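A short worksheet on the structure shown next.
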Amino acid sequence: MLLRRCTRLFTRSFVSKQDTEKETIVKLLYNIGSRNEVEQYLEHFSSVESHQFAVIKVGGAVLTDELDTLASALTFLNRVGLYPIVVHGAGPQMNQLLEKAGIEPQYEDGIRITDEKTLAIARKVFQNENLKLVEALEKLGTSARPINGGVFTAEYLDKEKYNLVGKIVNVNKDLIESSIRAGALPILMSLAETPEGQILNVNADVAAGELARVLEPLKIVYLNEKGGLFHGVTGKKFDVINLDEEYEDLMKQSWVKYGFKLKIKEIHDLLMHLPRSSSVSIISAEHLHKELFTHSGAGTLIRRGHKIQRFSGDEIQKLDVDRLRHLLEAHDPSVVDGTQSVAEILSQIKSRPNITVYCDASYDIFALVSQDMVSKPLSLLERFVASKTATVNNVTDNVWTMIKKDHQSLAWITPKEDAHKQWFFERADGSYTWSDRTLFWSGVADLTSIESFIKNMMDLDRNFLNVKKPTIQKRTFSTFLKRSYRTFSTQKQIGIIGARGHTGKELIHLIDKHPHLELAYVSSRELKGQTCVSYTKSQVLYSSLSPQDLPEKKVDCWVMALPNGVCKPFVDAILSRPNAPVIVDLGADYRFDSNWLYGLPELYDIRTRIEKSKKIIANPGCYATGSQLSIAPLLKEKLVSQRPTIFGVSGYSGAGTTPSRKNNLKELSDNLMPYALTDHIHEKEIGFHTKRFDDLGGVAFIPHVGQFFQGISLTVSIPLKKKLDNDQIYALYEKFYQEEPLVQIKKDIPEVRDIAGKHHVEIGGFKVNAAGDRVVLVATIDNLLKGAATQCLQNMNLALGLPEWEGIPL
């Protein structure tokens, strides 16, 4: 939204002076962060030479899918006086042209083998993409200069192995500095030259890294579609990775492998060669401005961090008192306003037992935690003081992370009307206000200790209990304790229409356990007036709502759990109201409607589109979910020669609750029941959506019902365009889903009995025939969970602005 507003501003006639325009843009920044945040970062970024602000690596997919957003983001930065240096790739565009030319891409160790024909196409593609970005910028009134050569000098990486692929040995920054002096953004493509003039292909990530080693910028930014890096088990986005503290442990994690592991290692090696003030951000183009100008950020920030020193017991005597005095005199509010003297604070530190002090090596931050207060299990954060340098370089976050590791049960007290109260709420599990104070706590399992603490605190009044809030980062490393109790979170109200079936019951169970959702209405004609026993947060009675009832209900999201062809009157009624709530349809009515988002986040772009679209979501079918996840990696790489064949067997819960042969246990006993042998609705659904990757005329899908209740097994036969072996295909799937916690790849054949009650999909087996031209794999999915209710919750979370996997057991 902010970028769109800025774009409209930039394309108007420039009737005011440049300084007035910059002031206007800065005011727009205040919409995403506080004035202090914005001004701190502007001052920080402007404190270095123009070419040392940022190197931004742009992938080819961003140029194709988000060109206007990227141009707006870069223009935004330029209008506040900054000159990011852009290095772009063009991998997807190259693959398309190579395919048209009948040239099959060849890779070795993940590096594209580049012959003369491939290089000729690469030059053409890079020049076209470079010009596209330059023209998009100039349309917005931003001067940009295409730099097609002369920056990177390279030698052959391994001519016999990779042919015309280069290893950068020198970076000429003169052309970049000349562009910036002329007031133009430098736009570089990732091609290099030998001293003799031979052009060589180089990886864009490598080119950006080598450029950063020479320029030593404050920021190195990698733009990607997902907007960050994600934990391989929890599925949560990493807000911050502090390499000094976390790199070794992170690299030991079993899920850290393949592309993720290589990316982290490359970033680690790069930052080890740069000043400690440099950092890497992985972010989407749309949220670039928020990542750069707010403490909360929007993507993943990777930095070396600052080594934090911990002092306790006799080690307190080792504190550098002079440097600590300087910090407190300049930045401790109680010292600045004369409430306390530095001498008093130092005396308290040295005379009291059971305290721990945290400082960085340069004494830009100071924190004090005690355990000698009223309730022994609780640790009390008494002081947290940080300089501007610590704030901008995120040292505050390092200290907070260490404090939380040392003190799992933590409390702190602030004035009731503290200007930074929201920050405290965001880090707390709960709060209690009395008199002119608010007590916050985090990681407290037994609230009786809080009650005891509050009772005693009402009788005490100690000055050192007032924690003065510095400007602290909102970012948190993803291993923080999961919140189980919150007083500040607004609960989202959910209504379910047609909740009698198996899927409706599973969804109610998930909502019951979700920390941010409440069930407001549950509608079923057959169960009207009965208590919804599956929901325990409060008493909810089944009702029988008509379409006319819905517009007046205060609901954040309606879920349609109705048979196919029934929900349209309900949907129309909801959408007739201004600012209509979210709708998720579990049926098939809108899965082929381009006005609706198709809710399979692992494959399609709902994660990025949800913020800009009308929040109406078609939940995919159970068979369709497992099938698409099974074939997508090979389809996307254009490795499939003919349409795949899918043999599916579902538990009889998939037949619903209305009696039929397909859910009659006598009919199913010792039996396997085929049905809908052609043109099943899910066959059409699979083909309709996977043609985005490669249109091979859909799939051949043959469904069956088994005598078990819950789960689906899919045996998938996929013809291959070229010879591959089992390990190659396994590695392809592993890499494709490495950041998706609800898709698990295994070498063994998954079995349906192991997936019942689980919220993920398992894909495995991976057996290539002797001719090497066909692979068979097996996928299992719980038809009621990831095939329906879990996927619905995943989509609801996205639409409601909640973490995608919140409330889903992983």
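For the structure tokens, the naming scheme is as follows: chains receive sequential letters (A, B, ...) according to their order of presentation, residues are indexed from 1 within each chain, and ligands are indexed from 1 in presentation order.
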
Check your understanding: Excluding same-chain residues fewer than 5 positions from Gly504 (chain A), what lies within 8 Å of it counting only C-alpha atoms, as a VMD selection string?
Key -> chain A and resid 496 498 to 499 561 789

Output for the residues just chosen: N, CA and C atoms as a compact mmCIF listing (two decimals), in the first residue's frame:
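Everything below was put into selection01.txt:
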# COMPACT_ATOMS: atom_id res chain seq x y z
N ILE A 496 -18.57 -21.10 11.20
CA ILE A 496 -18.54 -22.27 10.31
C ILE A 496 -19.96 -22.59 9.87
N GLY A 498 -22.15 -25.39 8.12
CA GLY A 498 -22.13 -26.79 7.71
C GLY A 498 -21.12 -27.60 8.48
N ALA A 499 -21.17 -27.53 9.81
CA ALA A 499 -20.12 -28.10 10.63
C ALA A 499 -20.41 -29.52 11.11
N ALA A 561 -18.33 -25.16 4.99
CA ALA A 561 -18.10 -26.60 5.05
C ALA A 561 -19.32 -27.33 4.52
N ALA A 789 -9.01 -29.65 6.90
CA ALA A 789 -9.08 -28.73 8.04
C ALA A 789 -7.76 -28.01 8.31

Who sits within 7 Å of region 701-708 of chain A, only C-alpha atoms, same chain under 2 positions skipped, as a CSV table (one decimal) with N, CA and C atoms, in the first residue's frame:
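Produced file result15.csv, reproduced below:
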chain,number,residue,atom,x,y,z
A,645,THR,N,0.2,-40.5,-14.1
A,645,THR,CA,-1.0,-41.4,-13.7
A,645,THR,C,-0.9,-41.5,-12.1
A,646,ILE,N,-2.1,-41.3,-11.5
A,646,ILE,CA,-2.2,-41.3,-10.1
A,646,ILE,C,-3.2,-42.3,-9.6
A,647,PHE,N,-2.8,-43.3,-8.9
A,647,PHE,CA,-3.7,-44.3,-8.3
A,647,PHE,C,-3.9,-43.9,-6.8
A,648,GLY,N,-5.2,-43.5,-6.5
A,648,GLY,CA,-5.4,-43.0,-5.2
A,648,GLY,C,-6.4,-43.9,-4.4
A,649,VAL,N,-6.1,-44.1,-3.1
A,649,VAL,CA,-7.0,-44.9,-2.2
A,649,VAL,C,-7.2,-44.0,-1.0
A,650,SER,N,-8.5,-43.7,-0.7
A,650,SER,CA,-8.9,-42.9,0.5
A,650,SER,C,-9.6,-43.7,1.5
A,651,GLY,N,-9.4,-43.3,2.8
A,651,GLY,CA,-10.3,-43.9,3.8
A,651,GLY,C,-11.7,-43.4,3.6
A,652,TYR,N,-12.7,-44.2,4.2
A,652,TYR,CA,-14.1,-43.9,3.9
A,652,TYR,C,-14.6,-42.6,4.5
A,662,LYS,N,-19.9,-46.1,-0.3
A,662,LYS,CA,-18.5,-45.8,-0.1
A,662,LYS,C,-18.2,-45.5,1.4
A,665,LEU,N,-19.5,-50.0,5.9
A,665,LEU,CA,-18.4,-50.9,6.3
A,665,LEU,C,-18.6,-52.3,5.9
A,668,LEU,N,-17.4,-52.4,2.4
A,668,LEU,CA,-16.0,-52.1,2.2
A,668,LEU,C,-15.2,-53.2,2.9
A,669,SER,N,-15.8,-54.1,3.7
A,669,SER,CA,-15.0,-55.1,4.4
A,669,SER,C,-14.3,-56.0,3.4
A,671,ASN,N,-12.4,-55.4,1.0
A,671,ASN,CA,-12.8,-54.9,-0.4
A,671,ASN,C,-12.0,-53.6,-0.6
A,672,LEU,N,-11.8,-53.3,-1.9
A,672,LEU,CA,-11.2,-52.0,-2.4
A,672,LEU,C,-12.2,-51.6,-3.5
A,673,MET,N,-12.8,-50.4,-3.3
A,673,MET,CA,-13.9,-50.0,-4.2
A,673,MET,C,-13.5,-48.9,-5.1
A,674,PRO,N,-13.3,-49.2,-6.4
A,674,PRO,CA,-13.0,-48.1,-7.4
A,674,PRO,C,-14.3,-47.3,-7.6
A,675,TYR,N,-14.1,-46.0,-8.0
A,675,TYR,CA,-15.3,-45.2,-8.4
A,675,TYR,C,-14.8,-44.0,-9.3
A,676,ALA,N,-15.7,-43.4,-10.0
A,676,ALA,CA,-15.4,-42.2,-10.8
A,676,ALA,C,-14.1,-42.5,-11.6
A,677,LEU,N,-14.1,-43.5,-12.4
A,677,LEU,CA,-12.9,-43.9,-13.1
A,677,LEU,C,-12.3,-42.9,-14.0
A,678,THR,N,-13.1,-42.0,-14.5
A,678,THR,CA,-12.6,-40.9,-15.4
A,678,THR,C,-13.3,-39.6,-14.9
A,683,GLU,N,-9.4,-34.8,-10.5
A,683,GLU,CA,-8.6,-35.0,-11.8
A,683,GLU,C,-8.6,-33.6,-12.5
A,699,VAL,N,-3.7,-34.9,-15.7
A,699,VAL,CA,-3.3,-36.2,-15.2
A,699,VAL,C,-4.3,-37.2,-15.4
A,710,GLN,N,-9.4,-43.1,7.8
A,710,GLN,CA,-8.8,-41.8,7.7
A,710,GLN,C,-7.5,-41.9,7.0

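Among the candidates A:Thr503, A:Pro719, A:Leu510, A:Gln642, the one nearest to Ile808 (chain A) when counting only C-alpha atoms is A:Leu510.
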
Could you give me, as JSON lines, a per-residue list for region 612-712 of chain A showing, wherever an atom lies at most 12 Å from an atom of region 783-787 of chain A, the closest pair of atoms and their distance in Å to one decimal, using only C-alpha atoms and sorting by chain then residue number from low to high?
{"residue": "A:Asn619", "atom": "CA", "partner": "A:Gly787", "partner_atom": "CA", "distance": 8.9}
{"residue": "A:Pro620", "atom": "CA", "partner": "A:Gly787", "partner_atom": "CA", "distance": 7.5}
{"residue": "A:Gly621", "atom": "CA", "partner": "A:Gly787", "partner_atom": "CA", "distance": 6.3}
{"residue": "A:Cys622", "atom": "CA", "partner": "A:Gly787", "partner_atom": "CA", "distance": 3.8}
{"residue": "A:Tyr623", "atom": "CA", "partner": "A:Gly787", "partner_atom": "CA", "distance": 7.2}
{"residue": "A:Ala624", "atom": "CA", "partner": "A:Gly787", "partner_atom": "CA", "distance": 8.3}
{"residue": "A:Thr625", "atom": "CA", "partner": "A:Gly787", "partner_atom": "CA", "distance": 6.3}
{"residue": "A:Gly626", "atom": "CA", "partner": "A:Gly787", "partner_atom": "CA", "distance": 7.5}
{"residue": "A:Ser627", "atom": "CA", "partner": "A:Gly787", "partner_atom": "CA", "distance": 10.6}
{"residue": "A:Gln628", "atom": "CA", "partner": "A:Gly787", "partner_atom": "CA", "distance": 11.6}
{"residue": "A:Leu629", "atom": "CA", "partner": "A:Gly787", "partner_atom": "CA", "distance": 11.4}
{"residue": "A:Gly648", "atom": "CA", "partner": "A:Asn783", "partner_atom": "CA", "distance": 11.6}
{"residue": "A:Val649", "atom": "CA", "partner": "A:Asn783", "partner_atom": "CA", "distance": 10.6}
{"residue": "A:Ser650", "atom": "CA", "partner": "A:Asn783", "partner_atom": "CA", "distance": 7.6}
{"residue": "A:Gly651", "atom": "CA", "partner": "A:Asn783", "partner_atom": "CA", "distance": 8.0}
{"residue": "A:Tyr652", "atom": "CA", "partner": "A:Asn783", "partner_atom": "CA", "distance": 9.9}
{"residue": "A:Ser653", "atom": "CA", "partner": "A:Leu784", "partner_atom": "CA", "distance": 7.9}
{"residue": "A:Gly654", "atom": "CA", "partner": "A:Asn783", "partner_atom": "CA", "distance": 6.7}
{"residue": "A:Ala655", "atom": "CA", "partner": "A:Asn783", "partner_atom": "CA", "distance": 10.5}
{"residue": "A:Gly656", "atom": "CA", "partner": "A:Leu784", "partner_atom": "CA", "distance": 10.3}
{"residue": "A:Phe708", "atom": "CA", "partner": "A:Asn783", "partner_atom": "CA", "distance": 12.0}
{"residue": "A:Phe709", "atom": "CA", "partner": "A:Asn783", "partner_atom": "CA", "distance": 9.9}
{"residue": "A:Gln710", "atom": "CA", "partner": "A:Asn783", "partner_atom": "CA", "distance": 6.7}
{"residue": "A:Gly711", "atom": "CA", "partner": "A:Asn783", "partner_atom": "CA", "distance": 5.2}
{"residue": "A:Ile712", "atom": "CA", "partner": "A:Asn783", "partner_atom": "CA", "distance": 6.1}

The selected residues should be written to file as a PDB file, in the first residue's frame (atoms: C-alpha atoms).
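Just written: part00.pdb:
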ATOM      1  CA  ASN A 619      -9.490 -24.656  -0.169  1.00  0.00           C
ATOM      2  CA  PRO A 620      -8.033 -27.427  -2.400  1.00  0.00           C
ATOM      3  CA  GLY A 621      -9.428 -30.948  -2.379  1.00  0.00           C
ATOM      4  CA  CYS A 622      -7.715 -33.707  -0.408  1.00  0.00           C
ATOM      5  CA  TYR A 623      -6.701 -35.864  -3.369  1.00  0.00           C
ATOM      6  CA  ALA A 624      -5.789 -32.711  -5.291  1.00  0.00           C
ATOM      7  CA  THR A 625      -3.488 -31.456  -2.535  1.00  0.00           C
ATOM      8  CA  GLY A 626      -1.478 -34.670  -2.241  1.00  0.00           C
ATOM      9  CA  SER A 627      -1.347 -35.163  -6.002  1.00  0.00           C
ATOM     10  CA  GLN A 628      -0.163 -31.644  -6.840  1.00  0.00           C
ATOM     11  CA  LEU A 629       2.506 -31.726  -4.157  1.00  0.00           C
ATOM     12  CA  GLY A 648      -5.425 -43.036  -5.160  1.00  0.00           C
ATOM     13  CA  VAL A 649      -6.954 -44.851  -2.199  1.00  0.00           C
ATOM     14  CA  SER A 650      -8.853 -42.910   0.477  1.00  0.00           C
ATOM     15  CA  GLY A 651     -10.297 -43.873   3.822  1.00  0.00           C
ATOM     16  CA  TYR A 652     -14.070 -43.918   3.892  1.00  0.00           C
ATOM     17  CA  SER A 653     -14.274 -40.664   5.877  1.00  0.00           C
ATOM     18  CA  GLY A 654     -13.692 -39.012   2.490  1.00  0.00           C
ATOM     19  CA  ALA A 655     -17.167 -40.151   1.459  1.00  0.00           C
ATOM     20  CA  GLY A 656     -18.736 -37.897   4.101  1.00  0.00           C
ATOM     21  CA  PHE A 708      -9.825 -47.752   6.789  1.00  0.00           C
ATOM     22  CA  PHE A 709     -11.364 -44.534   8.120  1.00  0.00           C
ATOM     23  CA  GLN A 710      -8.819 -41.769   7.654  1.00  0.00           C
ATOM     24  CA  GLY A 711      -5.938 -41.031   5.274  1.00  0.00           C
ATOM     25  CA  ILE A 712      -5.040 -41.217   1.579  1.00  0.00           C
TER      26      ILE A 712
END

**Study point:** Shell around Asp773 (chain A) at 6 Å using only C-alpha atoms, local window under 2 positions removed, as number ranges by chain
**Key:** A: 719-720, 723, 771

**Study point:** Shell around Gly197 (chain A) at 10 Å using only C-alpha atoms, local window under 2 positions removed, as a ChimeraX atom specification
**Key:** /A:150,153-154,192-195,199-200

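One finds CA of Leu243 (chain A) at 7.2 Å from CA of Ile302 (chain A).
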
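Counting only C-alpha atoms, the residue from A:Arg591, A:Lys505, A:His326, A:Lys226 that sits nearest to Glu685 (chain A) is A:Arg591.
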
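Closest approach to Gly209 (chain A) from the set A:Asp65, A:Lys57, A:Glu108, A:Arg310 is made by A:Lys57, with distances taken over only C-alpha atoms.
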
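We find CA of Arg325 (chain A) and CA of Thr356 (chain A) to be spaced 17.4 Å apart.
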
May I have a table of the residues of region 183-213 of chain A lying at most 12 Å from region 253-267 of chain A, giving each one's closest pair of atoms and their distance in Å to one decimal, counting only C-alpha atoms, ordered by chain and ascending residue number, as a Markdown table?
| residue | atom | partner | partner_atom | distance |
| --- | --- | --- | --- | --- |
| A:Asp205 | CA | A:Glu266 | CA | 9.3 |
| A:Val206 | CA | A:Glu266 | CA | 8.9 |
| A:Ala208 | CA | A:Ile267 | CA | 11.0 |
| A:Gly209 | CA | A:Ile267 | CA | 8.3 |
| A:Glu210 | CA | A:Glu266 | CA | 11.2 |
| A:Ala212 | CA | A:Ile267 | CA | 11.1 |
| A:Arg213 | CA | A:Ile267 | CA | 11.5 |

**Study point:** Distance query Ser641 (chain A) at most 10 Å, only C-alpha atoms, self and fewer than 5 positions along chain excluded, as an MDAnalysis selection string
**Key:** chainID A and resid 635 694 696 718:722 773:774

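Reported to one decimal place, the separation of CA of Ser281 (chain A) from CA of Asn242 (chain A) is 12.2 Å.
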
DSSP-assigned alpha helix (DSSP H) members of region 237-329 of chain A, reported as a short mmCIF file (atom, residue, chain, number, x, y, z; two decimals) with N, CA, C and O atoms, in the first residue's frame:
data_model
loop_
_atom_site.label_atom_id
_atom_site.label_comp_id
_atom_site.auth_asym_id
_atom_site.auth_seq_id
_atom_site.Cartn_x
_atom_site.Cartn_y
_atom_site.Cartn_z
N LEU A 243 25.13 -14.71 13.81
CA LEU A 243 26.09 -15.75 13.44
C LEU A 243 27.07 -16.05 14.57
O LEU A 243 27.42 -17.21 14.79
N ASP A 244 27.55 -15.03 15.27
CA ASP A 244 28.52 -15.28 16.34
C ASP A 244 27.96 -16.21 17.39
O ASP A 244 28.67 -17.06 17.94
N GLU A 245 26.69 -16.08 17.67
CA GLU A 245 26.07 -16.86 18.73
C GLU A 245 25.45 -18.16 18.23
O GLU A 245 25.41 -19.16 18.94
N GLU A 246 24.96 -18.17 16.99
CA GLU A 246 24.06 -19.24 16.57
C GLU A 246 24.53 -20.07 15.38
O GLU A 246 23.93 -21.11 15.09
N TYR A 247 25.57 -19.64 14.70
CA TYR A 247 25.95 -20.30 13.45
C TYR A 247 26.28 -21.78 13.65
O TYR A 247 25.77 -22.66 12.95
N GLU A 248 27.14 -22.09 14.61
CA GLU A 248 27.57 -23.48 14.79
C GLU A 248 26.39 -24.38 15.15
O GLU A 248 26.25 -25.48 14.59
N ASP A 249 25.53 -23.95 16.07
CA ASP A 249 24.38 -24.77 16.44
C ASP A 249 23.41 -24.92 15.28
O ASP A 249 22.84 -26.00 15.06
N LEU A 250 23.22 -23.84 14.53
CA LEU A 250 22.29 -23.89 13.40
C LEU A 250 22.76 -24.90 12.35
O LEU A 250 21.97 -25.70 11.84
N MET A 251 24.05 -24.90 12.04
CA MET A 251 24.57 -25.78 11.00
C MET A 251 24.54 -27.25 11.42
O MET A 251 24.64 -28.14 10.58
N LYS A 252 24.37 -27.52 12.71
CA LYS A 252 24.30 -28.90 13.20
C LYS A 252 22.88 -29.46 13.14
O LYS A 252 22.69 -30.66 13.31
N TYR A 258 21.41 -28.94 1.95
CA TYR A 258 21.22 -28.54 0.55
C TYR A 258 21.31 -27.01 0.41
O TYR A 258 22.22 -26.38 0.92
N GLY A 259 20.33 -26.43 -0.29
CA GLY A 259 20.41 -25.02 -0.63
C GLY A 259 20.41 -24.11 0.59
O GLY A 259 21.11 -23.09 0.61
N PHE A 260 19.64 -24.47 1.62
CA PHE A 260 19.60 -23.64 2.83
C PHE A 260 20.98 -23.61 3.49
O PHE A 260 21.48 -22.55 3.87
N LYS A 261 21.60 -24.77 3.61
CA LYS A 261 22.91 -24.85 4.25
C LYS A 261 23.95 -24.07 3.48
O LYS A 261 24.78 -23.34 4.04
N LEU A 262 23.92 -24.21 2.15
CA LEU A 262 24.88 -23.49 1.31
C LEU A 262 24.68 -21.99 1.44
O LEU A 262 25.67 -21.23 1.54
N LYS A 263 23.42 -21.54 1.45
CA LYS A 263 23.15 -20.11 1.56
C LYS A 263 23.69 -19.55 2.87
O LYS A 263 24.34 -18.49 2.89
N ILE A 264 23.42 -20.23 3.98
CA ILE A 264 23.90 -19.76 5.28
C ILE A 264 25.43 -19.73 5.33
O ILE A 264 26.04 -18.78 5.84
N LYS A 265 26.07 -20.76 4.78
CA LYS A 265 27.54 -20.81 4.78
C LYS A 265 28.11 -19.67 3.95
O LYS A 265 29.08 -19.00 4.37
N GLU A 266 27.53 -19.42 2.78
CA GLU A 266 28.03 -18.34 1.93
C GLU A 266 27.87 -16.98 2.61
O GLU A 266 28.78 -16.13 2.55
N ILE A 267 26.74 -16.77 3.27
CA ILE A 267 26.53 -15.50 3.96
C ILE A 267 27.48 -15.37 5.15
O ILE A 267 28.04 -14.30 5.40
N HIS A 268 27.67 -16.47 5.87
CA HIS A 268 28.63 -16.45 6.98
C HIS A 268 30.02 -16.07 6.50
O HIS A 268 30.69 -15.18 7.06
N ASP A 269 30.49 -16.73 5.43
CA ASP A 269 31.83 -16.46 4.92
C ASP A 269 31.95 -15.02 4.43
O ASP A 269 33.00 -14.38 4.60
N LEU A 270 30.88 -14.51 3.82
CA LEU A 270 30.90 -13.13 3.35
C LEU A 270 31.00 -12.14 4.51
O LEU A 270 31.86 -11.24 4.50
N LEU A 271 30.15 -12.31 5.52
CA LEU A 271 30.14 -11.36 6.63
C LEU A 271 31.42 -11.42 7.46
O LEU A 271 31.80 -10.42 8.08
N MET A 272 32.07 -12.57 7.47
CA MET A 272 33.34 -12.65 8.19
C MET A 272 34.42 -11.78 7.56
O MET A 272 35.42 -11.44 8.20
N LEU A 288 10.75 -4.21 1.24
CA LEU A 288 12.14 -3.76 1.37
C LEU A 288 12.25 -2.55 2.28
O LEU A 288 13.12 -2.48 3.15
N HIS A 289 11.36 -1.57 2.10
CA HIS A 289 11.42 -0.35 2.90
C HIS A 289 11.20 -0.63 4.38
O HIS A 289 11.85 -0.03 5.24
N LYS A 290 10.30 -1.56 4.70
CA LYS A 290 10.06 -1.89 6.10
C LYS A 290 11.27 -2.59 6.71
O LYS A 290 11.61 -2.37 7.87
N GLU A 291 11.91 -3.44 5.93
CA GLU A 291 13.09 -4.14 6.42
C GLU A 291 14.22 -3.16 6.75
O GLU A 291 14.93 -3.32 7.74
N LEU A 292 14.36 -2.12 5.95
CA LEU A 292 15.49 -1.21 6.10
C LEU A 292 15.26 -0.11 7.13
O LEU A 292 16.21 0.37 7.73
N PHE A 293 14.00 0.29 7.35
CA PHE A 293 13.76 1.49 8.14
C PHE A 293 12.99 1.26 9.43
O PHE A 293 12.60 2.22 10.08
N VAL A 321 34.15 -0.03 34.84
CA VAL A 321 33.27 0.95 35.47
C VAL A 321 33.28 2.27 34.71
O VAL A 321 32.23 2.92 34.56
N ASP A 322 34.42 2.69 34.20
CA ASP A 322 34.48 3.97 33.49
C ASP A 322 33.64 3.95 32.22
O ASP A 322 32.91 4.90 31.92
N ARG A 323 33.73 2.86 31.48
CA ARG A 323 32.96 2.78 30.23
C ARG A 323 31.47 2.62 30.52
O ARG A 323 30.63 3.17 29.81
N LEU A 324 31.14 1.87 31.57
CA LEU A 324 29.74 1.73 31.97
C LEU A 324 29.19 3.08 32.43
O LEU A 324 28.05 3.44 32.11
N ARG A 325 29.99 3.84 33.17
CA ARG A 325 29.55 5.17 33.63
C ARG A 325 29.22 6.07 32.43
O ARG A 325 28.21 6.77 32.42
N HIS A 326 30.07 6.02 31.41
CA HIS A 326 29.85 6.84 30.22
C HIS A 326 28.51 6.48 29.55
O HIS A 326 27.76 7.36 29.13
N LEU A 327 28.21 5.18 29.45
CA LEU A 327 26.96 4.73 28.84
C LEU A 327 25.76 5.21 29.66
O LEU A 327 24.79 5.74 29.12
N LEU A 328 25.80 5.02 30.98
CA LEU A 328 24.67 5.39 31.83
C LEU A 328 24.44 6.90 31.84
O LEU A 328 23.30 7.36 31.81
N GLU A 329 25.52 7.68 31.86
CA GLU A 329 25.37 9.13 31.87
C GLU A 329 24.70 9.64 30.59
O GLU A 329 23.95 10.62 30.62
#

Check your understanding: Quick one: residues within 8 Å of Phe693 (chain A), only C-alpha atoms counted, chain neighbours fewer than 2 positions away excluded, as a list of chain:residue names?
Key -> A:Ala632, A:Leu635, A:Lys636, A:Lys638, A:Thr690, A:Lys691, A:Asp695

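The nearest approach to Leu133 (chain A) among the residues A:Pro186, A:Lys100, A:Gln93, A:Asp725, with only C-alpha atoms taken into account, belongs to A:Pro186.
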